[in-house]
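Colleague: Provided herewith: data23.cif, mmCIF, C-alpha atoms and all ligand atoms.
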```
data_query
#
loop_
_atom_site.label_atom_id
_atom_site.label_comp_id
_atom_site.auth_asym_id
_atom_site.auth_seq_id
_atom_site.Cartn_x
_atom_site.Cartn_y
_atom_site.Cartn_z
CA MET F 1 -4.45 -8.01 -27.16
CA GLU F 2 -4.16 -8.77 -23.45
CA LEU F 3 -4.52 -6.16 -20.73
CA LEU F 4 -1.75 -5.88 -18.16
CA ASP F 5 -4.07 -5.47 -15.19
CA GLY F 6 -2.14 -3.42 -12.64
CA LYS F 7 -5.13 -3.07 -10.40
CA LYS F 8 -5.58 -6.81 -10.00
CA LEU F 9 -1.84 -7.49 -9.72
CA SER F 10 -1.36 -4.75 -7.12
CA GLN F 11 -4.14 -6.26 -5.01
CA GLN F 12 -2.40 -9.63 -5.20
CA ILE F 13 0.93 -8.10 -4.13
CA LYS F 14 -0.75 -6.22 -1.28
CA GLU F 15 -2.34 -9.53 -0.19
CA GLU F 16 1.15 -11.10 -0.07
CA ILE F 17 2.51 -8.15 1.93
CA LYS F 18 -0.41 -8.42 4.34
CA LEU F 19 0.44 -12.09 4.97
CA ALA F 20 4.10 -11.18 5.55
CA VAL F 21 3.01 -8.62 8.15
CA ILE F 22 0.84 -11.20 9.91
CA ALA F 23 3.78 -13.64 9.92
CA ARG F 24 6.02 -10.94 11.43
CA LYS F 25 3.47 -10.31 14.19
CA ASP F 26 3.19 -14.05 14.89
CA ASN F 27 6.95 -14.13 15.34
CA GLY F 28 6.90 -11.18 17.72
CA LEU F 29 8.45 -8.82 15.18
CA LYS F 30 7.41 -5.21 14.63
CA VAL F 31 4.99 -4.05 11.99
CA PRO F 32 6.47 -1.90 9.16
CA HIS F 33 6.00 1.83 9.63
CA LEU F 34 5.90 4.29 6.69
CA ALA F 35 5.68 8.06 6.97
CA ALA F 36 4.72 10.49 4.21
CA VAL F 37 5.51 14.20 4.15
CA LEU F 38 3.03 16.33 2.22
CA VAL F 39 3.80 20.02 1.73
CA GLY F 40 0.83 22.15 0.68
CA ASN F 41 -2.59 21.27 -0.70
CA ASP F 42 -2.10 20.23 -4.34
CA GLY F 43 -5.13 18.15 -5.35
CA ALA F 44 -3.28 15.36 -7.16
CA SER F 45 -0.66 15.09 -4.39
CA LEU F 46 -3.42 14.81 -1.78
CA THR F 47 -4.98 11.97 -3.78
CA TYR F 48 -1.66 10.12 -4.13
CA VAL F 49 -0.70 10.46 -0.47
CA GLY F 50 -4.22 9.48 0.56
CA SER F 51 -4.05 6.27 -1.41
CA LYS F 52 -0.59 5.48 0.06
CA VAL F 53 -1.91 5.89 3.62
CA ARG F 54 -5.02 3.83 2.82
CA SER F 55 -2.87 1.08 1.31
CA CYS F 56 -0.76 0.98 4.49
CA GLU F 57 -3.94 0.33 6.46
CA GLN F 58 -4.96 -2.44 4.01
CA VAL F 59 -1.72 -4.38 4.55
CA GLY F 60 -1.46 -3.74 8.30
CA PHE F 61 1.42 -1.22 8.24
CA LYS F 62 1.58 1.66 10.65
CA SER F 63 1.55 4.96 8.76
CA THR F 64 2.10 8.59 9.68
CA LEU F 65 1.06 11.51 7.51
CA ILE F 66 2.98 14.72 8.13
CA ARG F 67 1.25 17.74 6.58
CA LEU F 68 3.19 20.99 6.31
CA GLU F 69 2.21 24.47 5.13
CA ASP F 70 2.90 25.54 1.56
CA SER F 71 4.87 28.45 3.02
CA ILE F 72 7.31 26.29 5.03
CA SER F 73 10.95 27.37 4.57
CA GLN F 74 13.53 25.04 3.10
CA GLU F 75 15.43 25.12 6.41
CA ALA F 76 12.35 24.11 8.41
CA LEU F 77 11.63 21.25 5.99
CA LEU F 78 15.25 20.11 6.26
CA SER F 79 14.98 19.97 10.05
CA LYS F 80 11.81 17.90 9.70
CA ILE F 81 13.78 15.52 7.46
CA LYS F 82 16.55 15.29 10.05
CA ALA F 83 13.99 14.40 12.70
CA LEU F 84 12.57 11.63 10.47
CA ASN F 85 16.08 10.27 9.87
CA SER F 86 16.63 9.86 13.59
CA ASP F 87 13.15 8.48 14.31
CA LEU F 88 13.93 4.86 15.20
CA THR F 89 10.28 3.79 14.90
CA LEU F 90 10.25 4.52 11.14
CA ASP F 91 11.26 1.95 8.51
CA GLY F 92 10.94 4.42 5.69
CA TYR F 93 9.43 7.67 4.60
CA ILE F 94 8.64 9.59 1.45
CA VAL F 95 8.49 13.26 0.59
CA GLN F 96 5.59 13.70 -1.83
CA LEU F 97 6.66 15.48 -5.02
CA PRO F 98 6.40 18.06 -6.47
CA LEU F 99 7.52 20.48 -3.72
CA PRO F 100 6.70 24.22 -3.79
CA LYS F 101 8.92 26.25 -6.12
CA HIS F 102 10.88 28.02 -3.37
CA ILE F 103 12.23 24.65 -2.16
CA ASP F 104 15.18 22.92 -3.83
CA GLU F 105 13.89 19.38 -4.38
CA GLU F 106 17.37 17.96 -4.93
CA LYS F 107 18.59 19.37 -1.62
CA ILE F 108 15.65 17.79 0.24
CA LEU F 109 16.02 14.38 -1.42
CA MET F 110 19.77 14.38 -0.68
CA ALA F 111 18.99 14.87 3.02
CA ILE F 112 16.95 11.66 3.30
CA ASP F 113 18.78 8.79 5.00
CA PRO F 114 19.35 6.33 2.09
CA ASN F 115 18.35 3.48 4.41
CA LYS F 116 14.92 5.05 4.86
CA ASP F 117 14.57 6.27 1.27
CA VAL F 118 11.81 3.86 0.21
CA ASP F 119 11.13 5.99 -2.90
CA GLY F 120 14.71 5.26 -4.00
CA PHE F 121 15.34 8.88 -5.07
CA HIS F 122 18.60 9.46 -3.14
CA PRO F 123 21.76 9.36 -5.34
CA ALA F 124 23.14 6.55 -3.16
CA ASN F 125 20.15 4.36 -4.06
CA PHE F 126 20.19 5.40 -7.70
CA GLY F 127 23.90 4.57 -7.95
CA ARG F 128 23.51 1.26 -6.16
CA MET F 129 20.62 0.33 -8.46
CA ALA F 130 22.70 1.19 -11.54
CA LEU F 131 25.53 -1.02 -10.22
CA ASP F 132 23.25 -4.03 -9.51
CA MET F 133 23.72 -3.64 -5.77
CA GLU F 134 21.00 -4.01 -3.13
CA SER F 135 19.04 -0.74 -3.06
CA PHE F 136 15.58 0.74 -3.00
CA ILE F 137 14.29 0.84 -6.57
CA PRO F 138 11.91 3.76 -7.35
CA ALA F 139 8.37 2.46 -7.04
CA THR F 140 7.17 3.10 -10.60
CA PRO F 141 10.10 1.39 -12.39
CA PHE F 142 9.96 -1.38 -9.76
CA GLY F 143 6.24 -1.79 -10.48
CA ILE F 144 6.83 -2.05 -14.23
CA MET F 145 9.52 -4.73 -13.76
CA GLU F 146 7.27 -6.66 -11.37
CA MET F 147 4.42 -6.50 -13.88
CA LEU F 148 6.61 -7.86 -16.71
CA LYS F 149 7.84 -10.60 -14.36
CA ARG F 150 4.43 -11.73 -13.13
CA TYR F 151 2.95 -11.78 -16.63
CA ARG F 152 6.04 -13.81 -17.66
CA LEU F 153 6.74 -11.52 -20.61
CA ASP F 154 10.06 -12.40 -22.22
CA ILE F 155 11.96 -9.19 -22.89
CA SER F 156 15.45 -10.69 -23.24
CA GLY F 157 17.13 -9.50 -26.43
CA LYS F 158 14.12 -7.38 -27.37
CA HIS F 159 14.28 -3.74 -28.39
CA CYS F 160 12.72 -1.45 -25.81
CA VAL F 161 12.12 2.23 -26.49
CA VAL F 162 11.68 4.33 -23.34
CA ILE F 163 10.15 7.78 -23.93
CA GLY F 164 11.13 10.29 -21.26
CA ARG F 165 14.34 10.74 -19.25
CA SER F 166 12.99 11.79 -15.84
CA HIS F 167 14.97 10.84 -12.74
CA ILE F 168 11.94 9.03 -11.33
CA VAL F 169 10.77 6.91 -14.27
CA GLY F 170 12.48 7.15 -17.68
CA ARG F 171 16.12 7.11 -16.62
CA PRO F 172 15.83 4.33 -14.00
CA ILE F 173 13.56 2.07 -16.11
CA SER F 174 16.04 2.34 -19.00
CA ILE F 175 18.73 0.99 -16.67
CA LEU F 176 16.58 -1.80 -15.22
CA MET F 177 15.36 -3.04 -18.62
CA SER F 178 18.96 -3.48 -19.83
CA GLN F 179 20.25 -5.10 -16.64
CA LYS F 180 21.14 -8.77 -16.54
CA GLY F 181 18.29 -10.92 -15.21
CA ASN F 182 14.70 -11.84 -15.86
CA PRO F 183 13.04 -9.53 -16.63
CA GLY F 184 16.02 -7.80 -18.19
CA ASN F 185 18.55 -8.15 -20.99
CA ALA F 186 16.57 -5.83 -23.25
CA THR F 187 18.28 -3.53 -25.72
CA VAL F 188 17.19 -0.07 -24.67
CA THR F 189 16.83 3.21 -26.54
CA LEU F 190 16.13 6.20 -24.29
CA ALA F 191 14.18 8.80 -26.27
CA HIS F 192 13.22 12.29 -25.09
CA SER F 193 12.00 15.70 -26.23
CA ARG F 194 15.11 16.28 -28.40
CA THR F 195 14.96 12.89 -30.14
CA ASN F 196 14.85 13.13 -33.95
CA ASN F 197 12.32 11.00 -35.83
CA LEU F 198 10.88 9.36 -32.71
CA GLU F 199 8.26 7.47 -34.72
CA LYS F 200 11.03 5.71 -36.67
CA LEU F 201 12.25 4.29 -33.34
CA THR F 202 8.83 3.43 -31.91
CA GLN F 203 7.79 1.70 -35.16
CA LYS F 204 10.68 -0.74 -34.68
CA ALA F 205 10.23 -1.26 -30.92
CA ASP F 206 9.18 -4.59 -29.38
CA ILE F 207 8.39 -2.81 -26.12
CA ILE F 208 7.48 0.86 -25.60
CA ILE F 209 7.51 2.44 -22.15
CA SER F 210 6.04 5.92 -22.33
CA ALA F 211 6.67 8.33 -19.45
CA LEU F 212 6.19 11.61 -21.22
CA GLY F 213 3.08 13.23 -19.76
CA ILE F 214 1.45 14.22 -23.06
CA PRO F 215 -2.08 12.78 -23.22
CA GLU F 216 -2.68 10.33 -26.13
CA PHE F 217 0.69 11.17 -27.69
CA LEU F 218 1.46 7.66 -28.99
CA LYS F 219 -0.77 6.84 -31.98
CA GLY F 220 -1.54 3.57 -33.72
CA ASP F 221 0.62 4.37 -36.76
CA MET F 222 3.68 4.87 -34.52
CA VAL F 223 3.84 1.24 -33.35
CA LYS F 224 4.28 -2.16 -34.92
CA GLU F 225 1.98 -5.18 -34.73
CA GLY F 226 2.54 -7.25 -31.54
CA VAL F 227 4.20 -4.47 -29.52
CA ILE F 228 4.12 -4.49 -25.69
CA ILE F 229 2.93 -1.10 -24.38
CA ILE F 230 3.61 0.25 -20.89
CA ASP F 231 1.82 3.58 -20.39
CA VAL F 232 3.15 5.56 -17.42
CA GLY F 233 1.39 8.82 -18.33
CA ILE F 234 -1.37 10.15 -16.08
CA THR F 235 -2.52 13.62 -17.06
CA ARG F 236 -5.71 15.22 -15.79
CA VAL F 237 -7.58 16.60 -18.79
CA ALA F 238 -10.47 19.01 -18.12
CA ASP F 239 -13.80 17.48 -19.20
CA GLU F 240 -17.18 18.68 -17.97
CA ASN F 241 -18.78 15.35 -18.86
CA TYR F 242 -17.14 13.76 -15.79
CA PRO F 243 -18.26 14.32 -12.18
CA LYS F 244 -14.80 15.51 -11.05
CA GLY F 245 -14.55 17.91 -14.00
CA TYR F 246 -11.58 16.05 -15.47
CA VAL F 247 -10.63 12.70 -16.95
CA ILE F 248 -7.29 10.91 -16.54
CA LYS F 249 -5.46 10.21 -19.79
CA GLY F 250 -2.34 8.20 -20.49
CA ASP F 251 0.41 8.93 -23.03
CA VAL F 252 -1.11 6.33 -25.34
CA ASP F 253 -4.08 6.67 -27.69
CA PHE F 254 -5.47 3.44 -26.27
CA LYS F 255 -8.22 2.59 -28.75
CA ASP F 256 -5.86 2.68 -31.75
CA VAL F 257 -2.69 1.32 -30.14
CA ALA F 258 -4.45 -1.53 -28.28
CA LEU F 259 -5.55 -3.05 -31.62
CA LYS F 260 -1.89 -3.54 -32.61
CA SER F 261 -0.54 -4.56 -29.17
CA SER F 262 0.13 -8.01 -27.78
CA TYR F 263 -0.01 -6.59 -24.22
CA ILE F 264 -0.95 -3.12 -23.00
CA THR F 265 -1.43 -1.35 -19.66
CA PRO F 266 -4.67 0.63 -19.25
CA VAL F 267 -4.84 4.10 -17.69
CA PRO F 268 -6.12 4.17 -15.02
CA GLY F 269 -5.53 0.74 -13.49
CA GLY F 270 -2.16 -0.10 -15.08
CA VAL F 271 1.18 1.17 -13.81
CA GLY F 272 -0.35 3.56 -11.21
CA PRO F 273 -1.60 0.95 -8.73
CA MET F 274 1.66 -1.01 -9.14
CA THR F 275 3.55 2.10 -7.97
CA ILE F 276 1.65 2.08 -4.69
CA ALA F 277 2.13 -1.66 -4.17
CA MET F 278 5.89 -1.42 -4.72
CA LEU F 279 6.21 1.47 -2.26
CA LEU F 280 4.74 -0.89 0.33
CA LYS F 281 7.11 -3.65 -0.84
CA ASN F 282 10.10 -1.31 -0.34
CA THR F 283 8.86 -0.44 3.14
CA LEU F 284 8.57 -4.12 4.05
CA LEU F 285 12.08 -4.74 2.65
CA SER F 286 13.41 -1.83 4.69
CA CYS F 287 11.83 -3.26 7.83
CA GLU F 288 13.34 -6.68 7.12
CA ARG F 289 16.79 -5.21 6.37
CA ARG F 290 16.71 -3.09 9.52
CA ALA F 291 16.59 -6.24 11.64
CA ASN F 292 19.98 -7.39 10.28
C1 LIG F 301 -4.40 4.36 -11.47
C2 LIG F 301 2.65 10.63 -9.52
C3 LIG F 301 3.20 12.25 -11.19
C4 LIG F 301 3.78 13.09 -10.23
C5 LIG F 301 3.81 12.70 -8.92
C6 LIG F 301 -3.31 4.52 -9.22
C7 LIG F 301 -1.74 6.28 -8.73
C8 LIG F 301 -1.96 6.81 -9.97
C9 LIG F 301 -2.83 6.19 -10.86
C10 LIG F 301 -0.81 6.92 -7.76
C11 LIG F 301 2.05 9.38 -9.07
C12 LIG F 301 1.39 8.44 -10.02
C13 LIG F 301 2.05 9.08 -7.71
C14 LIG F 301 -3.50 5.06 -10.49
C15 LIG F 301 1.40 7.84 -7.16
C16 LIG F 301 1.06 7.10 -9.42
O1 LIG F 301 -5.34 3.67 -11.05
O2 LIG F 301 -4.12 4.45 -12.65
C17 LIG F 301 -2.43 5.14 -8.34
O3 LIG F 301 -1.21 7.15 -6.65
N1 LIG F 301 0.50 7.25 -8.11
C18 LIG F 301 2.70 9.98 -6.81
O4 LIG F 301 2.75 9.74 -5.61
O5 LIG F 301 3.25 11.11 -7.26
C19 LIG F 301 3.23 11.48 -8.56
C20 LIG F 301 2.64 11.04 -10.84
#
```
Let's see the structure in the file written out as structure tokens.
Ligand code: BQF
Modeller:
Amino acid sequence: MELLDGKKLSQQIKEEIKLAVIARKDNGLKVPHLAAVLVGNDGASLTYVGSKVRSCEQVGFKSTLIRLEDSISQEALLSKIKALNSDLTLDGYIVQLPLPKHIDEEKILMAIDPNKDVDGFHPANFGRMALDMESFIPATPFGIMEMLKRYRLDISGKHCVVIGRSHIVGRPISILMSQKGNPGNATVTLAHSRTNNLEKLTQKADIIISALGIPEFLKGDMVKEGVIIIDVGITRVADENYPKGYVIKGDVDFKDVALKSSYITPVPGGVGPMTIAMLLKNTLLSCERRAN
């Protein structure tokens, strides 16, 4: 079993981005600028946005955090989005999800200028990705592909089972895994909550990508010997034995599944840090594309 060390790999990618920023400065070019919109005070969202802003500082990006009240109206949020679209100093921005229940997430994401949509959630980017056109690829699927690439894992012709059909992870990663290219050319099964006999599928899979959000769902007896495991789950489970009062668990019962795996991502320190690194990568790409 070999660990797919997302923490180490993300630091390496951030180091590369940092050098690219220095090179831009040396050539008299502007530094990439990312903004993040955070509505409300959700604890996990605050942590995620905080680590995005901190990562910007690490690589030398300019960053702007826009904090808005929980009670903000959809109309007011939409006008904020419009202002960000016309802000010429910005290379990209994200709207941290989830949004409060009274706001229609789809409507907000549709309002983002696709050329600034570094999360890749706008339908224009999703469609372009699906058609192999230049786009912004959502950071988590992008991070998984980058991880497979840098560890030189050969997935061509292999059977990949993706668990979960979310717009942000499951659906896009199922498309990317089957696309032509390296990594790519996998044969993909997209499983979800209505899938019959899931374990029959996972037991045959060469690669399993789990983006389900049920802690320790995937057990040792559900996978075959030599499987590659990508665990996208991150659920906070209450546990008084930890200083924060909770522990973060993946979708995979690590101790059992790891024994049968050829490669496996840990949680934390697997896919999560890659997500942050690829958001920065998208912002750098946006900055470079803007110049053309
Ligand atoms: C790690 C996210 C669900 C809903 C909205 C490092 C992150 C997570 C874990 C992180 C996530 C998940 C993010 C680790 C961003 C990934 O060490 O394992 C980093 O910050 N993520 C988000 O912005 O919104 C979410 C998951």
Colleague: Any idea what's packed within 7 Å of F:Thr283, counting all atoms listed in the file, ignoring anything in its chain fewer than 4 positions away? Could you give it as a VMD selection string?
Modeller: chain F and resid 32 34 91 to 92 118 279 287
Colleague: Could you tell me, counting only C-alpha atoms and all ligand atoms, which protein and nucleic acid residues lie no more than 8 Å from ligand LIG 301 (chain F), written as an MDAnalysis selection string?
Modeller: chainID F and resid 6:7 44:45 47:49 51:52 96:98 140 233:234 266:276
Colleague: Residues at most 8 Å from F:Val21, counting all atoms listed in the file, excluding those fewer than 4 positions away in the same chain, as a ChimeraX atom specification?
Modeller: /F:17,25,31-32,59-61
Colleague: Residues at most 9 Å from stretch 216-232 of chain F, counting only C-alpha atoms, excluding those fewer than 4 positions away in the same chain, as an mmCIF file with C-alpha atoms, keeping the file's coordinate frame?
Modeller:
```
data_model
loop_
_atom_site.group_PDB
_atom_site.id
_atom_site.type_symbol
_atom_site.label_atom_id
_atom_site.label_comp_id
_atom_site.auth_asym_id
_atom_site.auth_seq_id
_atom_site.Cartn_x
_atom_site.Cartn_y
_atom_site.Cartn_z
ATOM 1 C CA MET F 1 -4.450 -8.010 -27.160
ATOM 2 C CA LEU F 4 -1.750 -5.880 -18.160
ATOM 3 C CA THR F 140 7.170 3.100 -10.600
ATOM 4 C CA ILE F 144 6.830 -2.050 -14.230
ATOM 5 C CA VAL F 169 10.770 6.910 -14.270
ATOM 6 C CA LEU F 198 10.880 9.360 -32.710
ATOM 7 C CA GLU F 199 8.260 7.470 -34.720
ATOM 8 C CA LYS F 200 11.030 5.710 -36.670
ATOM 9 C CA LEU F 201 12.250 4.290 -33.340
ATOM 10 C CA THR F 202 8.830 3.430 -31.910
ATOM 11 C CA GLN F 203 7.790 1.700 -35.160
ATOM 12 C CA LYS F 204 10.680 -0.740 -34.680
ATOM 13 C CA ALA F 205 10.230 -1.260 -30.920
ATOM 14 C CA ASP F 206 9.180 -4.590 -29.380
ATOM 15 C CA ILE F 207 8.390 -2.810 -26.120
ATOM 16 C CA ILE F 208 7.480 0.860 -25.600
ATOM 17 C CA ILE F 209 7.510 2.440 -22.150
ATOM 18 C CA SER F 210 6.040 5.920 -22.330
ATOM 19 C CA ALA F 211 6.670 8.330 -19.450
ATOM 20 C CA LEU F 212 6.190 11.610 -21.220
ATOM 21 C CA LYS F 249 -5.460 10.210 -19.790
ATOM 22 C CA GLY F 250 -2.340 8.200 -20.490
ATOM 23 C CA ASP F 251 0.410 8.930 -23.030
ATOM 24 C CA VAL F 252 -1.110 6.330 -25.340
ATOM 25 C CA ASP F 253 -4.080 6.670 -27.690
ATOM 26 C CA PHE F 254 -5.470 3.440 -26.270
ATOM 27 C CA LYS F 255 -8.220 2.590 -28.750
ATOM 28 C CA ASP F 256 -5.860 2.680 -31.750
ATOM 29 C CA VAL F 257 -2.690 1.320 -30.140
ATOM 30 C CA ALA F 258 -4.450 -1.530 -28.280
ATOM 31 C CA LEU F 259 -5.550 -3.050 -31.620
ATOM 32 C CA LYS F 260 -1.890 -3.540 -32.610
ATOM 33 C CA SER F 261 -0.540 -4.560 -29.170
ATOM 34 C CA SER F 262 0.130 -8.010 -27.780
ATOM 35 C CA TYR F 263 -0.010 -6.590 -24.220
ATOM 36 C CA ILE F 264 -0.950 -3.120 -23.000
ATOM 37 C CA THR F 265 -1.430 -1.350 -19.660
ATOM 38 C CA PRO F 266 -4.670 0.630 -19.250
ATOM 39 C CA VAL F 267 -4.840 4.100 -17.690
ATOM 40 C CA GLY F 270 -2.160 -0.100 -15.080
ATOM 41 C CA VAL F 271 1.180 1.170 -13.810
ATOM 42 C CA GLY F 272 -0.350 3.560 -11.210
#
```
Colleague: Just to confirm, what's the straight-line distance from atom CA of F:Asn197 to atom CA of F:Arg165 in Å (one decimal)?
Modeller: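 So the two atoms, atom CA of F:Asn197 and atom CA of F:Arg165, lie 16.7 Å apart.
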Colleague: Just want the 8 Å neighbourhood of stretch 176-190 of chain F, counted on all atoms listed in the file, with same-chain residues fewer than 5 positions away dropped. Output as a VMD selection string.
Modeller: chain F and resid 130 132 141 145 148 to 149 153 to 165 170 to 171
Colleague: Just the residues within 9 Å of F:Asn282, please, counting all atoms listed in the file, with nothing from its chain fewer than 6 positions along; format it as a list in words.
Modeller: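 Skipping anything fewer than 6 positions along the chain leaves Gly92, Asp117, Val118, Asp119, Gly120, Phe136, Ile137, Pro138 and Ala139 of chain F.
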Colleague: Mind rebuilding stretch 220-238 of chain F with N, CA and C atoms and writing that out as a PDB file, keeping the file's coordinate frame?
Modeller:
```pdb
ATOM      1  N   GLY F 220      -1.599   4.894 -33.111  1.00  0.00           N
ATOM      2  CA  GLY F 220      -1.540   3.570 -33.720  1.00  0.00           C
ATOM      3  C   GLY F 220      -0.496   3.431 -34.816  1.00  0.00           C
ATOM      4  N   ASP F 221      -0.339   4.477 -35.630  1.00  0.00           N
ATOM      5  CA  ASP F 221       0.620   4.370 -36.760  1.00  0.00           C
ATOM      6  C   ASP F 221       2.067   4.522 -36.319  1.00  0.00           C
ATOM      7  N   MET F 222       2.302   4.740 -35.021  1.00  0.00           N
ATOM      8  CA  MET F 222       3.680   4.870 -34.520  1.00  0.00           C
ATOM      9  C   MET F 222       4.228   3.565 -33.958  1.00  0.00           C
ATOM     10  N   VAL F 223       3.400   2.502 -33.953  1.00  0.00           N
ATOM     11  CA  VAL F 223       3.840   1.240 -33.350  1.00  0.00           C
ATOM     12  C   VAL F 223       3.665   0.081 -34.323  1.00  0.00           C
ATOM     13  N   LYS F 224       4.423  -0.991 -34.047  1.00  0.00           N
ATOM     14  CA  LYS F 224       4.280  -2.160 -34.920  1.00  0.00           C
ATOM     15  C   LYS F 224       3.325  -3.192 -34.311  1.00  0.00           C
ATOM     16  N   GLU F 225       2.865  -4.100 -35.131  1.00  0.00           N
ATOM     17  CA  GLU F 225       1.980  -5.180 -34.730  1.00  0.00           C
ATOM     18  C   GLU F 225       2.684  -6.056 -33.677  1.00  0.00           C
ATOM     19  N   GLY F 226       1.987  -6.352 -32.556  1.00  0.00           N
ATOM     20  CA  GLY F 226       2.540  -7.250 -31.540  1.00  0.00           C
ATOM     21  C   GLY F 226       3.340  -6.555 -30.447  1.00  0.00           C
ATOM     22  N   VAL F 227       3.417  -5.233 -30.502  1.00  0.00           N
ATOM     23  CA  VAL F 227       4.200  -4.470 -29.520  1.00  0.00           C
ATOM     24  C   VAL F 227       3.635  -4.634 -28.101  1.00  0.00           C
ATOM     25  N   ILE F 228       4.522  -4.550 -27.105  1.00  0.00           N
ATOM     26  CA  ILE F 228       4.120  -4.490 -25.690  1.00  0.00           C
ATOM     27  C   ILE F 228       4.156  -3.014 -25.279  1.00  0.00           C
ATOM     28  N   ILE F 229       3.043  -2.525 -24.725  1.00  0.00           N
ATOM     29  CA  ILE F 229       2.930  -1.100 -24.380  1.00  0.00           C
ATOM     30  C   ILE F 229       2.784  -0.917 -22.865  1.00  0.00           C
ATOM     31  N   ILE F 230       3.693  -0.134 -22.303  1.00  0.00           N
ATOM     32  CA  ILE F 230       3.610   0.250 -20.890  1.00  0.00           C
ATOM     33  C   ILE F 230       3.402   1.762 -20.847  1.00  0.00           C
ATOM     34  N   ASP F 231       2.207   2.163 -20.392  1.00  0.00           N
ATOM     35  CA  ASP F 231       1.820   3.580 -20.390  1.00  0.00           C
ATOM     36  C   ASP F 231       1.930   4.144 -18.974  1.00  0.00           C
ATOM     37  N   VAL F 232       2.926   4.993 -18.754  1.00  0.00           N
ATOM     38  CA  VAL F 232       3.150   5.560 -17.420  1.00  0.00           C
ATOM     39  C   VAL F 232       2.479   6.931 -17.270  1.00  0.00           C
ATOM     40  N   GLY F 233       1.997   7.481 -18.380  1.00  0.00           N
ATOM     41  CA  GLY F 233       1.390   8.820 -18.330  1.00  0.00           C
ATOM     42  C   GLY F 233       0.120   8.840 -17.501  1.00  0.00           C
ATOM     43  N   ILE F 234      -0.069   9.904 -16.741  1.00  0.00           N
ATOM     44  CA  ILE F 234      -1.370  10.150 -16.080  1.00  0.00           C
ATOM     45  C   ILE F 234      -1.542  11.656 -16.030  1.00  0.00           C
ATOM     46  N   THR F 235      -2.272  12.177 -16.999  1.00  0.00           N
ATOM     47  CA  THR F 235      -2.520  13.620 -17.060  1.00  0.00           C
ATOM     48  C   THR F 235      -4.015  13.851 -16.845  1.00  0.00           C
ATOM     49  N   ARG F 236      -4.300  14.823 -15.996  1.00  0.00           N
ATOM     50  CA  ARG F 236      -5.710  15.220 -15.790  1.00  0.00           C
ATOM     51  C   ARG F 236      -6.103  16.165 -16.914  1.00  0.00           C
ATOM     52  N   VAL F 237      -7.105  15.764 -17.683  1.00  0.00           N
ATOM     53  CA  VAL F 237      -7.580  16.600 -18.790  1.00  0.00           C
ATOM     54  C   VAL F 237      -8.986  17.091 -18.442  1.00  0.00           C
ATOM     55  N   ALA F 238      -9.163  18.413 -18.465  1.00  0.00           N
ATOM     56  CA  ALA F 238     -10.470  19.010 -18.120  1.00  0.00           C
ATOM     57  C   ALA F 238     -11.559  18.461 -19.037  1.00  0.00           C
TER      58      ALA F 238
END
```
